[in-house]
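Peer 1: Next comes coords_10.pdb, PDB, C-alpha atoms, pLDDT in the B column:
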```pdb
ATOM      1  CA  MET A 160      32.937 -34.125  -8.644  1.00 90.00           C
ATOM      2  CA  LYS A 161      32.136 -35.588  -5.236  1.00 96.00           C
ATOM      3  CA  ILE A 162      32.580 -39.348  -5.013  1.00 98.00           C
ATOM      4  CA  SER A 163      30.423 -39.786  -1.938  1.00 98.00           C
ATOM      5  CA  GLY A 164      26.821 -40.253  -3.017  1.00 98.00           C
ATOM      6  CA  SER A 165      27.699 -40.606  -6.694  1.00 98.00           C
ATOM      7  CA  VAL A 166      26.413 -43.254  -9.091  1.00 98.00           C
ATOM      8  CA  ALA A 167      29.304 -44.689 -11.091  1.00 98.00           C
ATOM      9  CA  LEU A 168      29.766 -47.105 -13.953  1.00 98.00           C
ATOM     10  CA  VAL A 169      33.154 -48.762 -14.462  1.00 98.00           C
ATOM     11  CA  THR A 170      33.888 -50.712 -17.641  1.00 98.00           C
ATOM     12  CA  GLY A 171      36.184 -53.719 -17.465  1.00 96.00           C
ATOM     13  CA  ALA A 172      35.410 -53.949 -13.765  1.00 97.00           C
ATOM     14  CA  ASN A 173      35.938 -57.664 -13.259  1.00 95.00           C
ATOM     15  CA  ARG A 174      39.694 -57.525 -12.667  1.00 93.00           C
ATOM     16  CA  GLY A 175      42.823 -55.408 -12.490  1.00 93.00           C
ATOM     17  CA  LEU A 176      42.454 -51.655 -12.563  1.00 95.00           C
ATOM     18  CA  GLY A 177      38.709 -51.812 -13.175  1.00 97.00           C
ATOM     19  CA  ALA A 178      38.150 -53.917 -10.058  1.00 97.00           C
ATOM     20  CA  ALA A 179      40.289 -51.476  -8.078  1.00 97.00           C
ATOM     21  CA  PHE A 180      38.185 -48.552  -9.332  1.00 98.00           C
ATOM     22  CA  ALA A 181      34.959 -50.302  -8.359  1.00 98.00           C
ATOM     23  CA  GLN A 182      36.202 -51.116  -4.859  1.00 98.00           C
ATOM     24  CA  ALA A 183      37.612 -47.643  -4.230  1.00 98.00           C
ATOM     25  CA  LEU A 184      34.379 -46.005  -5.335  1.00 98.00           C
ATOM     26  CA  LEU A 185      32.492 -48.121  -2.805  1.00 98.00           C
ATOM     27  CA  ASP A 186      35.052 -47.286  -0.124  1.00 98.00           C
ATOM     28  CA  ARG A 187      34.650 -43.571  -0.809  1.00 98.00           C
ATOM     29  CA  GLY A 188      30.889 -43.689  -0.442  1.00 98.00           C
ATOM     30  CA  ALA A 189      29.490 -44.032  -3.957  1.00 98.00           C
ATOM     31  CA  ARG A 190      25.773 -44.797  -3.701  1.00 98.00           C
ATOM     32  CA  THR A 191      25.780 -47.256  -6.600  1.00 98.00           C
ATOM     33  CA  VAL A 192      28.636 -48.765  -8.597  1.00 98.00           C
ATOM     34  CA  TYR A 193      27.702 -50.520 -11.823  1.00 98.00           C
ATOM     35  CA  ALA A 194      30.463 -53.013 -12.556  1.00 98.00           C
ATOM     36  CA  ALA A 195      30.484 -53.759 -16.273  1.00 98.00           C
ATOM     37  CA  ALA A 196      32.060 -56.844 -17.824  1.00 97.00           C
ATOM     38  CA  ARG A 197      31.485 -59.077 -20.817  1.00 96.00           C
ATOM     39  CA  ASN A 198      30.638 -61.839 -18.346  1.00 97.00           C
ATOM     40  CA  PRO A 199      28.807 -60.306 -15.377  1.00 96.00           C
ATOM     41  CA  ALA A 200      29.170 -63.575 -13.459  1.00 97.00           C
ATOM     42  CA  THR A 201      32.805 -62.593 -12.904  1.00 96.00           C
ATOM     43  CA  ILE A 202      31.638 -59.725 -10.676  1.00 97.00           C
ATOM     44  CA  THR A 203      31.382 -61.428  -7.298  1.00 95.00           C
ATOM     45  CA  ASP A 204      31.216 -58.501  -4.829  1.00 96.00           C
ATOM     46  CA  THR A 205      27.585 -58.280  -3.731  1.00 96.00           C
ATOM     47  CA  ASN A 206      27.984 -54.559  -3.052  1.00 98.00           C
ATOM     48  CA  LEU A 207      28.459 -53.960  -6.775  1.00 98.00           C
ATOM     49  CA  THR A 208      25.754 -53.979  -9.422  1.00 98.00           C
ATOM     50  CA  PRO A 209      26.978 -56.197 -12.261  1.00 98.00           C
ATOM     51  CA  ILE A 210      25.968 -55.444 -15.825  1.00 97.00           C
ATOM     52  CA  GLU A 211      26.802 -57.263 -19.026  1.00 97.00           C
ATOM     53  CA  LEU A 212      28.656 -55.030 -21.446  1.00 98.00           C
ATOM     54  CA  ASP A 213      30.909 -55.378 -24.464  1.00 98.00           C
ATOM     55  CA  VAL A 214      32.045 -51.855 -25.341  1.00 98.00           C
ATOM     56  CA  THR A 215      32.596 -52.878 -28.976  1.00 98.00           C
ATOM     57  CA  ASP A 216      28.912 -53.802 -29.368  1.00 98.00           C
ATOM     58  CA  PRO A 217      26.815 -50.666 -30.093  1.00 97.00           C
ATOM     59  CA  ALA A 218      23.581 -52.388 -29.068  1.00 98.00           C
ATOM     60  CA  ALA A 219      25.080 -53.422 -25.723  1.00 98.00           C
ATOM     61  CA  VAL A 220      26.360 -49.901 -25.117  1.00 98.00           C
ATOM     62  CA  ALA A 221      22.955 -48.410 -25.879  1.00 98.00           C
ATOM     63  CA  ALA A 222      21.284 -50.919 -23.551  1.00 98.00           C
ATOM     64  CA  ALA A 223      23.702 -50.023 -20.753  1.00 98.00           C
ATOM     65  CA  ALA A 224      22.960 -46.320 -21.147  1.00 98.00           C
ATOM     66  CA  GLU A 225      19.236 -47.068 -21.013  1.00 98.00           C
ATOM     67  CA  ARG A 226      19.523 -49.285 -17.956  1.00 98.00           C
ATOM     68  CA  CYS A 227      21.981 -47.109 -16.016  1.00 98.00           C
ATOM     69  CA  GLY A 228      20.159 -43.827 -16.432  1.00 98.00           C
ATOM     70  CA  ASP A 229      21.186 -42.552 -12.997  1.00 98.00           C
ATOM     71  CA  VAL A 230      24.950 -42.539 -13.679  1.00 98.00           C
ATOM     72  CA  ASP A 231      26.847 -39.330 -12.966  1.00 98.00           C
ATOM     73  CA  LEU A 232      30.367 -40.779 -13.149  1.00 98.00           C
ATOM     74  CA  LEU A 233      31.583 -42.897 -16.067  1.00 98.00           C
ATOM     75  CA  VAL A 234      34.984 -44.617 -15.897  1.00 98.00           C
ATOM     76  CA  ASN A 235      36.064 -45.843 -19.339  1.00 98.00           C
ATOM     77  CA  ASN A 236      38.582 -48.440 -18.216  1.00 97.00           C
ATOM     78  CA  ALA A 237      37.994 -51.399 -20.554  1.00 97.00           C
ATOM     79  CA  GLY A 238      40.984 -52.038 -22.776  1.00 95.00           C
ATOM     80  CA  ILE A 239      42.970 -54.736 -24.530  1.00 94.00           C
ATOM     81  CA  SER A 240      46.578 -55.190 -25.609  1.00 90.00           C
ATOM     82  CA  ARG A 241      47.809 -57.482 -28.356  1.00 86.00           C
ATOM     83  CA  SER A 242      51.506 -58.187 -28.888  1.00 70.00           C
ATOM     84  CA  GLY A 243      53.230 -57.280 -32.114  1.00 63.00           C
ATOM     85  CA  SER A 244      53.032 -54.349 -34.480  1.00 60.00           C
ATOM     86  CA  SER A 245      52.577 -55.904 -37.918  1.00 67.00           C
ATOM     87  CA  ASP A 246      49.280 -57.768 -37.496  1.00 82.00           C
ATOM     88  CA  PRO A 247      46.387 -55.638 -38.810  1.00 89.00           C
ATOM     89  CA  ASP A 248      43.805 -57.801 -37.036  1.00 91.00           C
ATOM     90  CA  SER A 249      45.433 -57.184 -33.646  1.00 91.00           C
ATOM     91  CA  ALA A 250      45.727 -53.465 -34.303  1.00 92.00           C
ATOM     92  CA  ARG A 251      42.096 -53.329 -35.394  1.00 95.00           C
ATOM     93  CA  ALA A 252      40.954 -55.132 -32.232  1.00 95.00           C
ATOM     94  CA  GLU A 253      42.925 -52.693 -30.060  1.00 96.00           C
ATOM     95  CA  MET A 254      41.450 -49.713 -31.876  1.00 97.00           C
ATOM     96  CA  ASP A 255      37.924 -51.160 -31.668  1.00 97.00           C
ATOM     97  CA  THR A 256      38.132 -51.509 -27.882  1.00 97.00           C
ATOM     98  CA  ASN A 257      40.509 -48.792 -26.745  1.00 98.00           C
ATOM     99  CA  TYR A 258      39.375 -46.007 -29.057  1.00 98.00           C
ATOM    100  CA  PHE A 259      36.006 -46.827 -30.599  1.00 98.00           C
ATOM    101  CA  GLY A 260      34.767 -48.467 -27.397  1.00 98.00           C
ATOM    102  CA  THR A 261      35.667 -45.350 -25.422  1.00 98.00           C
ATOM    103  CA  LEU A 262      34.044 -43.166 -28.079  1.00 98.00           C
ATOM    104  CA  SER A 263      30.873 -45.260 -28.092  1.00 98.00           C
ATOM    105  CA  MET A 264      30.521 -45.213 -24.304  1.00 98.00           C
ATOM    106  CA  SER A 265      31.225 -41.494 -24.104  1.00 98.00           C
ATOM    107  CA  ARG A 266      28.636 -40.679 -26.759  1.00 98.00           C
ATOM    108  CA  ALA A 267      25.996 -42.941 -25.240  1.00 98.00           C
ATOM    109  CA  PHE A 268      26.446 -41.659 -21.695  1.00 98.00           C
ATOM    110  CA  ALA A 269      26.968 -37.948 -22.403  1.00 98.00           C
ATOM    111  CA  PRO A 270      23.182 -37.315 -22.376  1.00 98.00           C
ATOM    112  CA  VAL A 271      22.861 -39.407 -19.209  1.00 98.00           C
ATOM    113  CA  LEU A 272      25.522 -37.325 -17.471  1.00 98.00           C
ATOM    114  CA  ALA A 273      23.862 -34.119 -18.678  1.00 98.00           C
ATOM    115  CA  ARG A 274      20.488 -35.144 -17.262  1.00 98.00           C
ATOM    116  CA  ASN A 275      22.138 -35.905 -13.932  1.00 98.00           C
ATOM    117  CA  GLY A 276      23.807 -32.539 -13.523  1.00 98.00           C
ATOM    118  CA  GLY A 277      26.921 -32.987 -15.653  1.00 98.00           C
ATOM    119  CA  GLY A 278      28.991 -35.298 -13.525  1.00 98.00           C
ATOM    120  CA  ALA A 279      32.317 -36.602 -14.778  1.00 98.00           C
ATOM    121  CA  LEU A 280      33.869 -38.859 -17.375  1.00 98.00           C
ATOM    122  CA  VAL A 281      37.206 -40.611 -16.775  1.00 98.00           C
ATOM    123  CA  ASN A 282      39.212 -42.124 -19.623  1.00 98.00           C
ATOM    124  CA  VAL A 283      41.986 -44.533 -18.670  1.00 98.00           C
ATOM    125  CA  LEU A 284      44.806 -43.890 -21.121  1.00 97.00           C
ATOM    126  CA  SER A 285      48.531 -44.735 -20.950  1.00 96.00           C
ATOM    127  CA  VAL A 286      52.045 -43.356 -21.121  1.00 95.00           C
ATOM    128  CA  LEU A 287      51.884 -44.906 -24.594  1.00 94.00           C
ATOM    129  CA  SER A 288      49.533 -42.077 -25.510  1.00 96.00           C
ATOM    130  CA  PHE A 289      52.745 -40.010 -25.684  1.00 95.00           C
ATOM    131  CA  ILE A 290      55.419 -42.469 -26.856  1.00 92.00           C
ATOM    132  CA  THR A 291      55.544 -45.784 -28.660  1.00 89.00           C
ATOM    133  CA  LEU A 292      57.716 -48.843 -29.264  1.00 85.00           C
ATOM    134  CA  PRO A 293      57.688 -51.316 -32.161  1.00 85.00           C
ATOM    135  CA  GLN A 294      56.209 -54.182 -30.157  1.00 85.00           C
ATOM    136  CA  VAL A 295      53.255 -52.107 -28.910  1.00 89.00           C
ATOM    137  CA  SER A 296      52.647 -49.755 -31.815  1.00 92.00           C
ATOM    138  CA  GLY A 297      49.019 -50.817 -32.315  1.00 93.00           C
ATOM    139  CA  TYR A 298      48.193 -50.392 -28.642  1.00 93.00           C
ATOM    140  CA  ALA A 299      50.007 -47.050 -28.524  1.00 94.00           C
ATOM    141  CA  ALA A 300      48.126 -45.822 -31.586  1.00 95.00           C
ATOM    142  CA  SER A 301      44.807 -46.710 -29.979  1.00 97.00           C
ATOM    143  CA  LYS A 302      45.734 -44.920 -26.754  1.00 97.00           C
ATOM    144  CA  ALA A 303      47.023 -41.873 -28.611  1.00 97.00           C
ATOM    145  CA  ALA A 304      43.690 -41.730 -30.427  1.00 98.00           C
ATOM    146  CA  ALA A 305      41.848 -42.049 -27.125  1.00 98.00           C
ATOM    147  CA  TRP A 306      43.949 -39.222 -25.665  1.00 98.00           C
ATOM    148  CA  SER A 307      42.997 -36.986 -28.576  1.00 98.00           C
ATOM    149  CA  LEU A 308      39.365 -37.976 -28.095  1.00 98.00           C
ATOM    150  CA  THR A 309      39.598 -37.174 -24.386  1.00 98.00           C
ATOM    151  CA  ASN A 310      40.874 -33.678 -25.107  1.00 97.00           C
ATOM    152  CA  ALA A 311      38.059 -33.110 -27.604  1.00 97.00           C
ATOM    153  CA  LEU A 312      35.397 -34.421 -25.209  1.00 98.00           C
ATOM    154  CA  ARG A 313      36.675 -32.085 -22.502  1.00 97.00           C
ATOM    155  CA  LEU A 314      35.838 -29.103 -24.696  1.00 97.00           C
ATOM    156  CA  GLU A 315      32.663 -30.554 -26.163  1.00 97.00           C
ATOM    157  CA  LEU A 316      31.078 -31.556 -22.852  1.00 98.00           C
ATOM    158  CA  LYS A 317      32.130 -28.488 -20.868  1.00 96.00           C
ATOM    159  CA  GLU A 318      28.929 -26.656 -21.771  1.00 96.00           C
ATOM    160  CA  GLN A 319      26.777 -29.382 -20.207  1.00 98.00           C
ATOM    161  CA  GLY A 320      28.878 -29.313 -17.028  1.00 98.00           C
ATOM    162  CA  THR A 321      30.649 -32.657 -17.513  1.00 98.00           C
ATOM    163  CA  HIS A 322      34.209 -32.791 -16.207  1.00 98.00           C
ATOM    164  CA  VAL A 323      36.539 -34.944 -18.349  1.00 98.00           C
ATOM    165  CA  LEU A 324      39.668 -36.468 -16.827  1.00 98.00           C
ATOM    166  CA  GLY A 325      42.426 -38.379 -18.638  1.00 98.00           C
ATOM    167  CA  VAL A 326      44.594 -40.862 -16.725  1.00 98.00           C
ATOM    168  CA  HIS A 327      48.060 -41.857 -17.903  1.00 97.00           C
ATOM    169  CA  ALA A 328      50.332 -44.495 -16.364  1.00 95.00           C
ATOM    170  CA  GLY A 329      53.176 -46.765 -17.379  1.00 89.00           C
ATOM    171  CA  TYR A 330      53.180 -50.377 -16.277  1.00 81.00           C
ATOM    172  CA  ILE A 331      50.408 -51.148 -13.793  1.00 88.00           C
ATOM    173  CA  ASP A 332      50.644 -54.310 -11.711  1.00 78.00           C
ATOM    174  CA  THR A 333      47.807 -56.177 -13.424  1.00 69.00           C
ATOM    175  CA  ASP A 334      47.477 -59.248 -15.637  1.00 64.00           C
ATOM    176  CA  MET A 335      48.167 -57.111 -18.713  1.00 66.00           C
ATOM    177  CA  ALA A 336      51.683 -56.371 -17.428  1.00 55.00           C
ATOM    178  CA  ALA A 337      52.317 -59.745 -15.794  1.00 56.00           C
ATOM    179  CA  HIS A 338      55.231 -60.404 -18.169  1.00 70.00           C
ATOM    180  CA  VAL A 339      57.015 -57.178 -17.185  1.00 61.00           C
ATOM    181  CA  THR A 340      59.875 -57.409 -14.700  1.00 61.00           C
ATOM    182  CA  GLY A 341      60.514 -53.679 -14.356  1.00 69.00           C
ATOM    183  CA  PRO A 342      58.939 -51.166 -11.966  1.00 74.00           C
ATOM    184  CA  LYS A 343      55.153 -51.097 -11.787  1.00 79.00           C
ATOM    185  CA  ILE A 344      52.620 -48.898 -10.056  1.00 88.00           C
ATOM    186  CA  THR A 345      49.788 -50.573  -8.157  1.00 94.00           C
ATOM    187  CA  PRO A 346      46.182 -50.286  -9.300  1.00 94.00           C
ATOM    188  CA  ALA A 347      45.302 -48.798  -5.909  1.00 95.00           C
ATOM    189  CA  GLU A 348      47.811 -45.975  -6.430  1.00 96.00           C
ATOM    190  CA  VAL A 349      46.423 -45.118  -9.858  1.00 96.00           C
ATOM    191  CA  VAL A 350      42.851 -45.171  -8.599  1.00 98.00           C
ATOM    192  CA  ALA A 351      43.611 -43.051  -5.530  1.00 98.00           C
ATOM    193  CA  GLN A 352      45.288 -40.385  -7.661  1.00 98.00           C
ATOM    194  CA  THR A 353      42.379 -40.452 -10.108  1.00 98.00           C
ATOM    195  CA  LEU A 354      39.625 -40.070  -7.528  1.00 98.00           C
ATOM    196  CA  ASP A 355      41.587 -37.347  -5.738  1.00 98.00           C
ATOM    197  CA  ALA A 356      41.984 -35.541  -9.080  1.00 98.00           C
ATOM    198  CA  LEU A 357      38.252 -35.748  -9.722  1.00 98.00           C
ATOM    199  CA  GLU A 358      37.485 -34.137  -6.394  1.00 97.00           C
ATOM    200  CA  THR A 359      39.991 -31.312  -6.953  1.00 97.00           C
ATOM    201  CA  GLY A 360      38.888 -30.614 -10.521  1.00 97.00           C
ATOM    202  CA  ALA A 361      42.117 -31.669 -12.270  1.00 97.00           C
ATOM    203  CA  TYR A 362      42.012 -32.491 -15.962  1.00 97.00           C
ATOM    204  CA  GLU A 363      44.846 -35.006 -16.151  1.00 97.00           C
ATOM    205  CA  VAL A 364      46.557 -37.612 -13.996  1.00 98.00           C
ATOM    206  CA  LEU A 365      50.180 -38.493 -14.723  1.00 97.00           C
ATOM    207  CA  ALA A 366      50.337 -41.348 -12.277  1.00 96.00           C
ATOM    208  CA  ASP A 367      54.035 -42.215 -12.318  1.00 95.00           C
ATOM    209  CA  ALA A 368      57.451 -40.844 -13.157  1.00 93.00           C
ATOM    210  CA  ILE A 369      57.592 -42.244 -16.686  1.00 92.00           C
ATOM    211  CA  SER A 370      54.282 -40.623 -17.570  1.00 95.00           C
ATOM    212  CA  ARG A 371      55.383 -37.266 -16.201  1.00 94.00           C
ATOM    213  CA  GLN A 372      58.741 -37.451 -17.978  1.00 91.00           C
ATOM    214  CA  SER A 373      57.228 -38.566 -21.275  1.00 92.00           C
ATOM    215  CA  LYS A 374      54.580 -35.838 -21.264  1.00 93.00           C
ATOM    216  CA  ALA A 375      57.218 -33.205 -20.465  1.00 89.00           C
ATOM    217  CA  GLY A 376      59.413 -34.544 -23.239  1.00 86.00           C
ATOM    218  CA  LEU A 377      56.803 -33.928 -25.915  1.00 86.00           C
ATOM    219  CA  SER A 378      57.983 -30.331 -26.209  1.00 71.00           C
ATOM    220  CA  GLY A 379      61.621 -31.381 -26.615  1.00 68.00           C
ATOM    221  CA  GLU A 380      63.717 -33.237 -29.123  1.00 65.00           C
ATOM    222  CA  LEU A 381      62.878 -36.802 -30.139  1.00 61.00           C
ATOM    223  CA  GLU A 382      66.199 -37.958 -28.753  1.00 64.00           C
ATOM    224  CA  ARG A 383      64.996 -37.122 -25.248  1.00 65.00           C
ATOM    225  CA  LEU A 384      62.106 -39.555 -25.630  1.00 62.00           C
ATOM    226  CA  TYR A 385      64.075 -42.186 -27.500  1.00 64.00           C
ATOM    227  CA  PRO A 386      67.734 -42.283 -26.323  1.00 66.00           C
ATOM    228  CA  ALA A 387      68.499 -44.985 -28.921  1.00 59.00           C
ATOM    229  CA  LEU A 388      68.055 -42.353 -31.626  1.00 56.00           C
ATOM    230  CA  ALA A 389      70.730 -40.172 -30.081  1.00 59.00           C
ATOM    231  CA  ALA A 390      73.028 -43.192 -29.804  1.00 61.00           C
ATOM    232  CA  GLY A 391      72.475 -43.980 -33.469  1.00 57.00           C
ATOM    233  CA  SER A 392      71.305 -47.537 -32.748  1.00 48.00           C
TER     234      SER A 392
END
```
Produce structure tokens that represent the structure in this file.

Peer 2:
Amino acid sequence: MKISGSVALVTGANRGLGAAFAQALLDRGARTVYAAARNPATITDTNLTPIELDVTDPAAVAAAAERCGDVDLLVNNAGISRSGSSDPDSARAEMDTNYFGTLSMSRAFAPVLARNGGGALVNVLSVLSFITLPQVSGYAASKAAAWSLTNALRLELKEQGTHVLGVHAGYIDTDMAAHVTGPKITPAEVVAQTLDALETGAYEVLADAISRQSKAGLSGELERLYPALAAGS
């Protein structure tokens, strides 16, 4: 996938990682960048093409696919996080956006990508695709589901020439992680690794140390992922 000259659509493009994706795509020579947000008025860069989009609304997704028929790069970035693990409504909202929203966008735009030569599809996932904690179990479940979906899409869309890339990171320095005091990776770092990976044909980005360690630990004992288990606490 060559970024220069591409036509991209980024969901959740009004702030944080999505805004960083939109800007970097422009900087790397994308011909058109559709910046999708629930409120397109929040897209203020005149070099972007704002579109109104709620990824949980099937009609809105279908309308976006109809309008943006020249897209050859889709970045499924839109996501939400709700605190707590015991509230079914919060878990349902996370699954609706993070999993079903990604599924809906991927299904709607797969034919668009095929018509435009295959192109690429990027799903923004998380280190919590691999591990979980009680306070983020709903979010982690939605990202684990999206990771599984990403792996399935990679096989399903290979025949039409669409490259599928999954992106995993721990805490990113955005509003979603504003409450976190520990180490964070910048949106620019995640985006740079992602766009580089697209151009080299990689299938997965493990953007930081915790993502690399957690993915490697999946083949080991649970105690390696969760030291508290080994300590008996």

Peer 1: Under the rule that all atoms listed in the file are counted, which of A:Val350, A:Ala167, A:Ala267, A:Ala300 is the nearest residue to Gly188 (chain A)?

Peer 2: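 Distance minimum relative to Gly188 (chain A) lands on A:Ala167.
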
Peer 1: Tell me which of A:Leu207, A:Leu184, A:Met254, A:Ala269 sits closest to Ala224 (chain A), counting only C-alpha atoms.

Peer 2: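 Checking each of A:Leu207, A:Leu184, A:Met254, A:Ala269 against Ala224 (chain A), counting only C-alpha atoms, the winner is A:Ala269.
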
Peer 1: Choose the residue, out of A:Arg174, A:His322, A:Arg226, A:Arg241, that has the smallest atom-to-atom separation from Lys161 (chain A); count only C-alpha atoms.

Peer 2: A:His322

Peer 1: Pick out the closest residue to Ala221 (chain A) from this set: A:Ile331, A:Leu354, A:Val271, A:Val286. Count all atoms listed in the file.

Peer 2: A:Val271

Peer 1: For region 233-239 of chain A, work out the shell of residues within 10 Å, counting all atoms listed in the file and skipping chain neighbours fewer than 6 positions away, then give it as a CSV table (one decimal) with C-alpha atoms, in the frame of the given file.

Peer 2:
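Saved the output as around_7.csv:
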```csv
chain,number,residue,atom,x,y,z
A,166,VAL,CA,26.4,-43.3,-9.1
A,167,ALA,CA,29.3,-44.7,-11.1
A,168,LEU,CA,29.8,-47.1,-14.0
A,169,VAL,CA,33.2,-48.8,-14.5
A,170,THR,CA,33.9,-50.7,-17.6
A,171,GLY,CA,36.2,-53.7,-17.5
A,172,ALA,CA,35.4,-53.9,-13.8
A,173,ASN,CA,35.9,-57.7,-13.3
A,175,GLY,CA,42.8,-55.4,-12.5
A,176,LEU,CA,42.5,-51.7,-12.6
A,177,GLY,CA,38.7,-51.8,-13.2
A,178,ALA,CA,38.2,-53.9,-10.1
A,180,PHE,CA,38.2,-48.6,-9.3
A,181,ALA,CA,35.0,-50.3,-8.4
A,192,VAL,CA,28.6,-48.8,-8.6
A,193,TYR,CA,27.7,-50.5,-11.8
A,195,ALA,CA,30.5,-53.8,-16.3
A,196,ALA,CA,32.1,-56.8,-17.8
A,213,ASP,CA,30.9,-55.4,-24.5
A,214,VAL,CA,32.0,-51.9,-25.3
A,249,SER,CA,45.4,-57.2,-33.6
A,252,ALA,CA,41.0,-55.1,-32.2
A,253,GLU,CA,42.9,-52.7,-30.1
A,254,MET,CA,41.4,-49.7,-31.9
A,255,ASP,CA,37.9,-51.2,-31.7
A,256,THR,CA,38.1,-51.5,-27.9
A,257,ASN,CA,40.5,-48.8,-26.7
A,258,TYR,CA,39.4,-46.0,-29.1
A,260,GLY,CA,34.8,-48.5,-27.4
A,261,THR,CA,35.7,-45.4,-25.4
A,262,LEU,CA,34.0,-43.2,-28.1
A,264,MET,CA,30.5,-45.2,-24.3
A,265,SER,CA,31.2,-41.5,-24.1
A,268,PHE,CA,26.4,-41.7,-21.7
A,269,ALA,CA,27.0,-37.9,-22.4
A,271,VAL,CA,22.9,-39.4,-19.2
A,272,LEU,CA,25.5,-37.3,-17.5
A,278,GLY,CA,29.0,-35.3,-13.5
A,279,ALA,CA,32.3,-36.6,-14.8
A,280,LEU,CA,33.9,-38.9,-17.4
A,281,VAL,CA,37.2,-40.6,-16.8
A,282,ASN,CA,39.2,-42.1,-19.6
A,283,VAL,CA,42.0,-44.5,-18.7
A,284,LEU,CA,44.8,-43.9,-21.1
A,298,TYR,CA,48.2,-50.4,-28.6
A,301,SER,CA,44.8,-46.7,-30.0
A,302,LYS,CA,45.7,-44.9,-26.8
A,323,VAL,CA,36.5,-34.9,-18.3
A,324,LEU,CA,39.7,-36.5,-16.8
A,325,GLY,CA,42.4,-38.4,-18.6
A,326,VAL,CA,44.6,-40.9,-16.7
A,335,MET,CA,48.2,-57.1,-18.7
```

Peer 1: Just to confirm, what's the straight-line distance from CA of Ala222 (chain A) to CA of Glu315 (chain A) in Å (one decimal)?

Peer 2: 23.5 Å

Peer 1: Which residues, named as in the file, does the PyMOL selection byres ((chain A and resi 369) around 10) pick out? Answer as a list of chain:residue names.

Peer 2: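 Output of the PyMOL selection byres ((chain A and resi 369) around 10): A:Val286, A:His327, A:Ala328, A:Gly329, A:Tyr330, A:Leu365, A:Ala366, A:Asp367, A:Ala368, A:Ser370, A:Arg371, A:Gln372, A:Ser373, A:Lys374, A:Ala375.
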
Peer 1: Please produce a file of the residues just selected, as a CSV table (one decimal), keeping the file's coordinate frame, where the atoms kept are C-alpha atoms.

Peer 2:
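So the final result, stored in out.csv, reads:
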```
chain,number,residue,atom,x,y,z
A,286,VAL,CA,52.0,-43.4,-21.1
A,327,HIS,CA,48.1,-41.9,-17.9
A,328,ALA,CA,50.3,-44.5,-16.4
A,329,GLY,CA,53.2,-46.8,-17.4
A,330,TYR,CA,53.2,-50.4,-16.3
A,365,LEU,CA,50.2,-38.5,-14.7
A,366,ALA,CA,50.3,-41.3,-12.3
A,367,ASP,CA,54.0,-42.2,-12.3
A,368,ALA,CA,57.5,-40.8,-13.2
A,370,SER,CA,54.3,-40.6,-17.6
A,371,ARG,CA,55.4,-37.3,-16.2
A,372,GLN,CA,58.7,-37.5,-18.0
A,373,SER,CA,57.2,-38.6,-21.3
A,374,LYS,CA,54.6,-35.8,-21.3
A,375,ALA,CA,57.2,-33.2,-20.5
```

Peer 1: Applying the PyMOL selection byres ((chain A and resi 165) around 6) to the file I just gave you, which residues come out? Please list them as a VMD selection string.

Peer 2: chain A and resid 162 to 164 166 189 to 190

Peer 1: Would you work out the distance separating CA of Pro217 (chain A) from CA of Ala303 (chain A), expressed in Å to one decimal?

Peer 2: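 Taking CA of Pro217 (chain A) and CA of Ala303 (chain A), their separation equals 22.1 Å.
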
Peer 1: In Å, rounded to a single decimal, give me how far CA of Thr321 (chain A) is from CA of Gln182 (chain A).

Peer 2: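 CA of Thr321 (chain A) lies at a distance of 23.1 Å from CA of Gln182 (chain A).
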
Peer 1: Using all atoms listed in the file, which of the listed residues (A:Leu232, A:Ala273, A:Val295, A:Ala179) sits closest to Thr191 (chain A)?

Peer 2: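 Ranked by minimum distance to Thr191 (chain A), first place goes to A:Leu232.
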
Peer 1: Do a neighbour search on Ala299 (chain A) at 7 Å with all atoms listed in the file, toss out local chain neighbours closer than 6 positions, and write the hits as a PyMOL selection string.

Peer 2: chain A and resi 287-288+291

Peer 1: Go through A:Ala194, A:Phe259, A:Ser307, A:Gly376 one by one, measure the shortest atom-to-atom distance of each to Asn206 (chain A) using all atoms listed in the file, and give the residue with the smallest value.

Peer 2: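 Answer, going by the shortest atom-to-atom distance: A:Ala194.
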